[in-house]
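S.K.: Would you mind keeping the following structure in view while I ask a few things?
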Amino acid sequence: MKLLKKSLIGVGVVALLFMLINAVGTDKSSAATSEENEPATNAAKLASDYNVYALSIPDDLDFAGEKMPLDDPDVYERMDRELLVNTYWQSNGLLMFKRAHKFFPIIEPILEEEGVPNDFKYLALIESGLENVTSPAGAKGFWQIMKAYGRENGLEINENIDERNNLEKATRAACAYFKKAKKRFGSWTLAAGSYHNGQFGISKELERQKANSYYDLLLGPNGRRYVFRIVALKEIVNNPKKYGFNFTEDDLYQPIPTYKIAVEEPISNLAEWAKDKGINYKVLKIHNPWLRENKLNNRSGKLYYITLPKEGYYTKE
C-alpha cells in the first residue's frame, strides 16, 4: 500500500512538472506570436488612420481679382483636379510652404513696386518651385526665363554671368512681361496664361476659337492646367490647415538678412574674395547664383551688387 502511494505521488509530481513546462512554453510562444503580429497591427493602424478626402471647392476663387467661373462644369472639374493633386502631393506641398516663407518677402515688394498683382508670386511657385532650375528648353531661374527674352529685358546672360538667376532682376523682367501682356489682352488671367503659351500663342487661339477668356480656351494639356495650378497653390498656401498641412513657424525656411556690396572692378578669384569677406565660396554662390564662374570678368567696369549674408548666419571658415 505504501508503495502504491509513493508511485502515485511520483506520477503526480511528474505530471505537475510537465504542466509547468508546457505552460512556460505556451507563454513564450504566445509572446513570440504577439511580437510577430505587432508590426502588422501597427501598419494596419497607420493605414486606418490615413484618410483621403474629397475637397470642397470655395465659391470665390480668383486670380488677381478676376473671378474664376466655377459655375462652368469644365472649369469646376479642372480646379478640383489641381486642388486634389497639390493637396495630396504632401512632400512637395510642405517644401512649397518652406520656400515661400523664405523667398516671397523678396518677390512681394518688387511686384508691388512694378504695379503687378501679388498673385503672380504663385506663378513663380509653379514654374520653378522657387529654385534656380533649368528647363529642358533652356529656361532658367525662379521665373524660368528664356535667354532671348532675358536679354531683351536687360538681363546680362553670358558664360560668366546669368542674371536670370538673380531673383531681384529676374522678377523685374518677369513683371515687364506681365504688364505688356495685360495691356495686350486686358486681363491679368490671360497675361498669366500667356506666360506658358506665349502672347502670340494665346492671341492666335483667342482669334481661332472666337473666345475672349482664358477659361473658354481649349489649350494643350499644360496650357489648360496652368492658371488652375496657380490658383490652387494660392488657395492652399493661404489656408494650410484647411488642406491638412501642419507646421509651425520654426519648421519653415527663414529669410536670411543680407547686405550688398557694390563692385566695379574685376574679381579674379571669387573664392578668395569670399574668404576675405568672412564667408566661403558656397555661401557666396547661394546668395549670388547669377555668378557662373569663380571669377567676375567685368572688363567694362559695370556696376554690380554682390549680396552677402549678415554676420552669424553661416559657419565661417
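If you're wondering about the labels, chains in the C-alpha cells are A, B, ... by order shown, residues count from 1 in each chain, ligands from 1 in order shown.
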Give me the residues within 12 Å of Phe104 (chain A) as a PyMOL selection string, counting only C-alpha atoms and dropping any in the same chain fewer than 3 places off.
M.R.: chain A and resi 96-101+107-111+118-125+129-130+142+167-168+171+237+253-255
S.K.: Can those selected residues be exported to a file as a tab-separated table (two decimals), in the first residue's frame so that it contains C-alpha atoms?
M.R.:
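again.tsv was written with the following content:
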chain	number	residue	atom	x	y	z
A	96	MET	CA	6.41	75.00	-51.12
A	97	PHE	CA	5.41	76.41	-47.72
A	98	LYS	CA	9.00	76.35	-46.52
A	99	ARG	CA	10.47	78.08	-49.57
A	100	ALA	CA	7.62	80.56	-49.92
A	101	HIS	CA	8.28	81.77	-46.38
A	107	ILE	CA	9.35	88.92	-54.53
A	108	GLU	CA	6.35	90.69	-53.00
A	109	PRO	CA	7.76	94.24	-52.70
A	110	ILE	CA	9.07	94.09	-56.27
A	111	LEU	CA	5.64	93.10	-57.61
A	118	ASN	CA	0.62	89.98	-55.69
A	119	ASP	CA	-0.94	86.75	-57.03
A	120	PHE	CA	1.83	86.48	-59.61
A	121	LYS	CA	4.19	85.24	-56.92
A	122	TYR	CA	2.34	81.91	-57.14
A	123	LEU	CA	3.26	81.76	-60.83
A	124	ALA	CA	6.92	81.61	-59.81
A	125	LEU	CA	5.98	78.87	-57.36
A	129	GLY	CA	9.21	75.54	-57.00
A	130	LEU	CA	11.24	78.65	-56.04
A	142	PHE	CA	12.68	81.15	-60.41
A	167	LEU	CA	15.97	86.89	-58.18
A	168	GLU	CA	15.51	90.66	-57.94
A	171	THR	CA	11.43	89.35	-61.03
A	237	VAL	CA	-0.71	78.32	-49.28
A	253	TYR	CA	12.89	78.19	-44.05
A	254	GLN	CA	13.77	81.60	-42.67
A	255	PRO	CA	14.78	84.66	-44.71
S.K.: Mind listing the strand (DSSP E or B) residues of region 24-203 of chain A, per DSSP on the backbone, as a PDB file with N, CA and C atoms, in the first residue's frame?
M.R.:
ATOM      1  N   ASP A  62     -10.285  83.293 -57.248  1.00  0.00           N
ATOM      2  CA  ASP A  62      -9.977  84.289 -58.276  1.00  0.00           C
ATOM      3  C   ASP A  62      -8.485  84.349 -58.501  1.00  0.00           C
ATOM      4  N   PHE A  63      -8.102  84.962 -59.607  1.00  0.00           N
ATOM      5  CA  PHE A  63      -6.698  85.268 -59.850  1.00  0.00           C
ATOM      6  C   PHE A  63      -6.593  86.767 -60.096  1.00  0.00           C
ATOM      7  N   GLU A  66      -9.702  88.644 -60.558  1.00  0.00           N
ATOM      8  CA  GLU A  66     -10.580  88.223 -61.661  1.00  0.00           C
ATOM      9  C   GLU A  66     -11.182  86.865 -61.301  1.00  0.00           C
ATOM     10  N   LYS A  67     -12.472  86.854 -61.114  1.00  0.00           N
ATOM     11  CA  LYS A  67     -13.180  85.681 -60.586  1.00  0.00           C
ATOM     12  C   LYS A  67     -13.109  84.487 -61.533  1.00  0.00           C
ATOM     13  N   THR A 134      16.824  74.720 -64.311  1.00  0.00           N
ATOM     14  CA  THR A 134      16.924  74.915 -65.762  1.00  0.00           C
ATOM     15  C   THR A 134      16.009  73.915 -66.445  1.00  0.00           C
ATOM     16  N   LYS A 140      15.562  79.465 -67.371  1.00  0.00           N
ATOM     17  CA  LYS A 140      16.306  79.409 -66.115  1.00  0.00           C
ATOM     18  C   LYS A 140      15.673  80.272 -65.033  1.00  0.00           C
ATOM     19  N   ILE A 145      12.981  82.037 -67.277  1.00  0.00           N
ATOM     20  CA  ILE A 145      13.095  82.999 -68.371  1.00  0.00           C
ATOM     21  C   ILE A 145      14.006  82.434 -69.456  1.00  0.00           C
ATOM     22  N   ILE A 157      23.417  87.907 -69.860  1.00  0.00           N
ATOM     23  CA  ILE A 157      23.473  86.444 -69.947  1.00  0.00           C
ATOM     24  C   ILE A 157      24.666  86.059 -70.825  1.00  0.00           C
ATOM     25  N   ILE A 161      28.186  85.439 -66.494  1.00  0.00           N
ATOM     26  CA  ILE A 161      27.055  85.983 -65.725  1.00  0.00           C
ATOM     27  C   ILE A 161      25.749  85.477 -66.317  1.00  0.00           C
ATOM     28  N   ASP A 162      24.795  85.125 -65.448  1.00  0.00           N
ATOM     29  CA  ASP A 162      23.443  84.815 -65.921  1.00  0.00           C
ATOM     30  C   ASP A 162      22.443  85.407 -64.922  1.00  0.00           C
TER      31      ASP A 162
END
S.K.: Have a look at A:Lys169, A:Leu233, A:Arg164, A:Glu131 and name the one nearest to Ile286 (chain A); count only C-alpha atoms.
M.R.: A:Glu131
S.K.: Go through A:Asn238, A:Asn294, A:Ser128, A:Thr307 and flag the residue nearest Val263 (chain A), using only C-alpha atoms for the distances.
M.R.: A:Thr307
S.K.: Going by DSSP on the backbone, which residues of region 53-175 of chain A come out as helix (DSSP H, G or I)? List them as a CSV table (one decimal) with C-alpha atoms, in the first residue's frame.
M.R.:
chain,number,residue,atom,x,y,z
A,73,PRO,CA,-18.6,72.4,-65.1
A,74,ASP,CA,-15.3,72.1,-67.1
A,75,VAL,CA,-13.7,74.9,-65.0
A,76,TYR,CA,-15.0,73.3,-61.8
A,77,GLU,CA,-13.5,69.9,-62.7
A,78,ARG,CA,-10.2,71.4,-63.7
A,79,MET,CA,-10.0,73.3,-60.5
A,80,ASP,CA,-10.9,70.2,-58.5
A,81,ARG,CA,-8.1,68.3,-60.1
A,82,GLU,CA,-5.4,70.8,-59.2
A,83,LEU,CA,-6.6,71.2,-55.7
A,84,LEU,CA,-6.5,67.4,-55.3
A,85,VAL,CA,-3.1,66.9,-56.9
A,86,ASN,CA,-1.5,69.7,-54.9
A,87,THR,CA,-3.1,68.8,-51.6
A,90,GLN,CA,2.3,66.4,-49.4
A,91,SER,CA,6.1,66.4,-49.5
A,92,ASN,CA,6.1,68.9,-52.4
A,93,GLY,CA,3.4,71.0,-50.6
A,94,LEU,CA,5.5,71.3,-47.5
A,95,LEU,CA,8.5,72.3,-49.5
A,96,MET,CA,6.4,75.0,-51.1
A,97,PHE,CA,5.4,76.4,-47.7
A,98,LYS,CA,9.0,76.3,-46.5
A,99,ARG,CA,10.5,78.1,-49.6
A,100,ALA,CA,7.6,80.6,-49.9
A,101,HIS,CA,8.3,81.8,-46.4
A,102,LYS,CA,11.9,82.4,-47.3
A,103,PHE,CA,11.5,84.0,-50.8
A,104,PHE,CA,8.1,85.6,-51.0
A,105,PRO,CA,9.4,88.5,-48.9
A,106,ILE,CA,11.9,89.3,-51.7
A,107,ILE,CA,9.4,88.9,-54.5
A,108,GLU,CA,6.3,90.7,-53.0
A,109,PRO,CA,7.8,94.2,-52.7
A,110,ILE,CA,9.1,94.1,-56.3
A,111,LEU,CA,5.6,93.1,-57.6
A,112,GLU,CA,4.1,96.0,-55.7
A,113,GLU,CA,6.7,98.5,-57.0
A,114,GLU,CA,6.1,97.3,-60.5
A,118,ASN,CA,0.6,90.0,-55.7
A,119,ASP,CA,-0.9,86.7,-57.0
A,120,PHE,CA,1.8,86.5,-59.6
A,121,LYS,CA,4.2,85.2,-56.9
A,122,TYR,CA,2.3,81.9,-57.1
A,123,LEU,CA,3.3,81.8,-60.8
A,124,ALA,CA,6.9,81.6,-59.8
A,125,LEU,CA,6.0,78.9,-57.4
A,126,ILE,CA,4.5,76.6,-60.1
A,127,GLU,CA,7.2,77.5,-62.6
A,128,SER,CA,10.2,76.5,-60.5
A,147,LYS,CA,17.7,83.6,-72.9
A,148,ALA,CA,16.3,85.8,-75.7
A,149,TYR,CA,13.6,87.3,-73.6
A,150,GLY,CA,16.0,87.9,-70.7
A,151,ARG,CA,18.4,89.8,-72.9
A,152,GLU,CA,15.5,91.8,-74.4
A,163,GLU,CA,21.1,87.3,-64.3
A,164,ARG,CA,18.1,85.1,-64.9
A,165,ASN,CA,19.3,83.6,-61.6
A,167,LEU,CA,16.0,86.9,-58.2
A,168,GLU,CA,15.5,90.7,-57.9
A,169,LYS,CA,16.4,91.4,-61.6
A,170,ALA,CA,14.6,88.4,-62.9
A,171,THR,CA,11.4,89.4,-61.0
A,172,ARG,CA,11.5,92.8,-62.6
A,173,ALA,CA,12.0,91.2,-66.1
A,174,ALA,CA,9.0,89.0,-65.5
A,175,CYS,CA,7.0,92.0,-64.3
S.K.: From the set A:Tyr243, A:Trp273, A:Phe178, A:Tyr259, which residue has the shortest atom-to-atom contact distance to Ile57 (chain A), counting only C-alpha atoms?
M.R.: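 Between A:Tyr243, A:Trp273, A:Phe178, A:Tyr259, the residue approaching Ile57 (chain A) most closely is A:Tyr243.
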S.K.: Find the residues of region 156-187 of chain A that sit at most 10 Å from region 196-202 of chain A; for each, write down the nearest two atoms and how far apart they are in Å, to one decimal. Count only C-alpha atoms. Sort by chain, then by number going up, and give it as JSON lines.
M.R.:
{"residue": "A:Tyr177", "atom": "CA", "partner": "A:Gln199", "partner_atom": "CA", "distance": 9.5}
{"residue": "A:Lys180", "atom": "CA", "partner": "A:Gln199", "partner_atom": "CA", "distance": 9.3}
{"residue": "A:Ala181", "atom": "CA", "partner": "A:Gln199", "partner_atom": "CA", "distance": 6.7}
{"residue": "A:Arg184", "atom": "CA", "partner": "A:Gln199", "partner_atom": "CA", "distance": 8.4}
{"residue": "A:Phe185", "atom": "CA", "partner": "A:Gln199", "partner_atom": "CA", "distance": 8.8}
S.K.: Could the residues in this selection be written to a file with all heavy atoms, as a compact mmCIF listing (two decimals), in the first residue's frame?
M.R.:
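Saved the output as out.txt:
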# COMPACT_ATOMS: atom_id res chain seq x y z
N TYR A 177 7.07 91.59 -68.57
CA TYR A 177 6.26 90.72 -69.42
C TYR A 177 4.79 90.80 -69.03
O TYR A 177 3.91 90.95 -69.89
CB TYR A 177 6.74 89.28 -69.34
CG TYR A 177 5.89 88.35 -70.17
CD1 TYR A 177 6.27 88.02 -71.47
CD2 TYR A 177 4.69 87.81 -69.68
CE1 TYR A 177 5.49 87.19 -72.25
CE2 TYR A 177 3.91 86.99 -70.45
CZ TYR A 177 4.31 86.68 -71.74
OH TYR A 177 3.51 85.88 -72.52
N LYS A 180 3.08 94.05 -70.12
CA LYS A 180 2.86 94.10 -71.58
C LYS A 180 1.70 93.19 -71.97
O LYS A 180 0.86 93.56 -72.81
CB LYS A 180 4.13 93.67 -72.32
CG LYS A 180 5.27 94.67 -72.26
CD LYS A 180 6.51 94.12 -72.95
CE LYS A 180 7.70 95.06 -72.80
NZ LYS A 180 8.94 94.47 -73.38
N ALA A 181 1.65 92.01 -71.39
CA ALA A 181 0.59 91.07 -71.72
C ALA A 181 -0.77 91.58 -71.24
O ALA A 181 -1.78 91.42 -71.92
CB ALA A 181 0.89 89.70 -71.09
N ARG A 184 -2.00 94.08 -73.62
CA ARG A 184 -2.42 93.46 -74.87
C ARG A 184 -3.76 92.76 -74.74
O ARG A 184 -4.62 92.87 -75.63
CB ARG A 184 -1.36 92.45 -75.32
CG ARG A 184 -1.68 91.73 -76.63
CD ARG A 184 -0.48 90.96 -77.10
NE ARG A 184 -0.69 90.34 -78.40
CZ ARG A 184 0.26 89.75 -79.11
NH1 ARG A 184 1.51 89.70 -78.65
NH2 ARG A 184 0.00 89.20 -80.28
N PHE A 185 -3.97 92.03 -73.65
CA PHE A 185 -5.17 91.20 -73.51
C PHE A 185 -6.26 91.82 -72.64
O PHE A 185 -7.40 91.37 -72.68
CB PHE A 185 -4.80 89.83 -72.94
CG PHE A 185 -3.84 89.05 -73.80
CD1 PHE A 185 -2.58 88.70 -73.32
CD2 PHE A 185 -4.20 88.67 -75.08
CE1 PHE A 185 -1.70 87.98 -74.11
CE2 PHE A 185 -3.32 87.94 -75.88
CZ PHE A 185 -2.06 87.61 -75.40
S.K.: Have a look at CA of Asn222 (chain A) and CA of Gly141 (chain A) and let me know their distance in Å, one decimal.
M.R.: 19.4 Å
S.K.: Rank nothing, just name the residue among A:Tyr314, A:Asn239, A:Leu284, A:Arg299 nearest to Glu272 (chain A), using only C-alpha atoms.
M.R.: A:Leu284
S.K.: Between A:Lys295, A:Lys241, A:Lys302, A:Lys183, which has the minimum distance to Tyr281 (chain A) (counting only C-alpha atoms)?
M.R.: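 Looking only at the distances to Tyr281 (chain A), the closest residue turns out to be A:Lys295.
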S.K.: A:Ser194, A:Ser56, A:Asn153, A:Gln209: which is nearest Glu235 (chain A), counting only C-alpha atoms?
M.R.: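 Among A:Ser194, A:Ser56, A:Asn153, A:Gln209, it is A:Ser56 that comes nearest to Glu235 (chain A).
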S.K.: For Leu303 (chain A), please output as an MDAnalysis selection string all residues within 10 Å (counting only C-alpha atoms; exclusion window: fewer than 6 positions along the same chain).
M.R.: chainID A and resid 262:265
S.K.: Quick one, how far is CA of Glu205 (chain A) from CA of Trp143 (chain A)?
M.R.: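 These two atoms are separated by 23.8 Å.
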S.K.: State, in Å with one decimal place, the distance from CA of Gly193 (chain A) to CA of Arg224 (chain A).
M.R.: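 Computing the Euclidean distance for CA of Gly193 (chain A) and CA of Arg224 (chain A) yields 8.7 Å.
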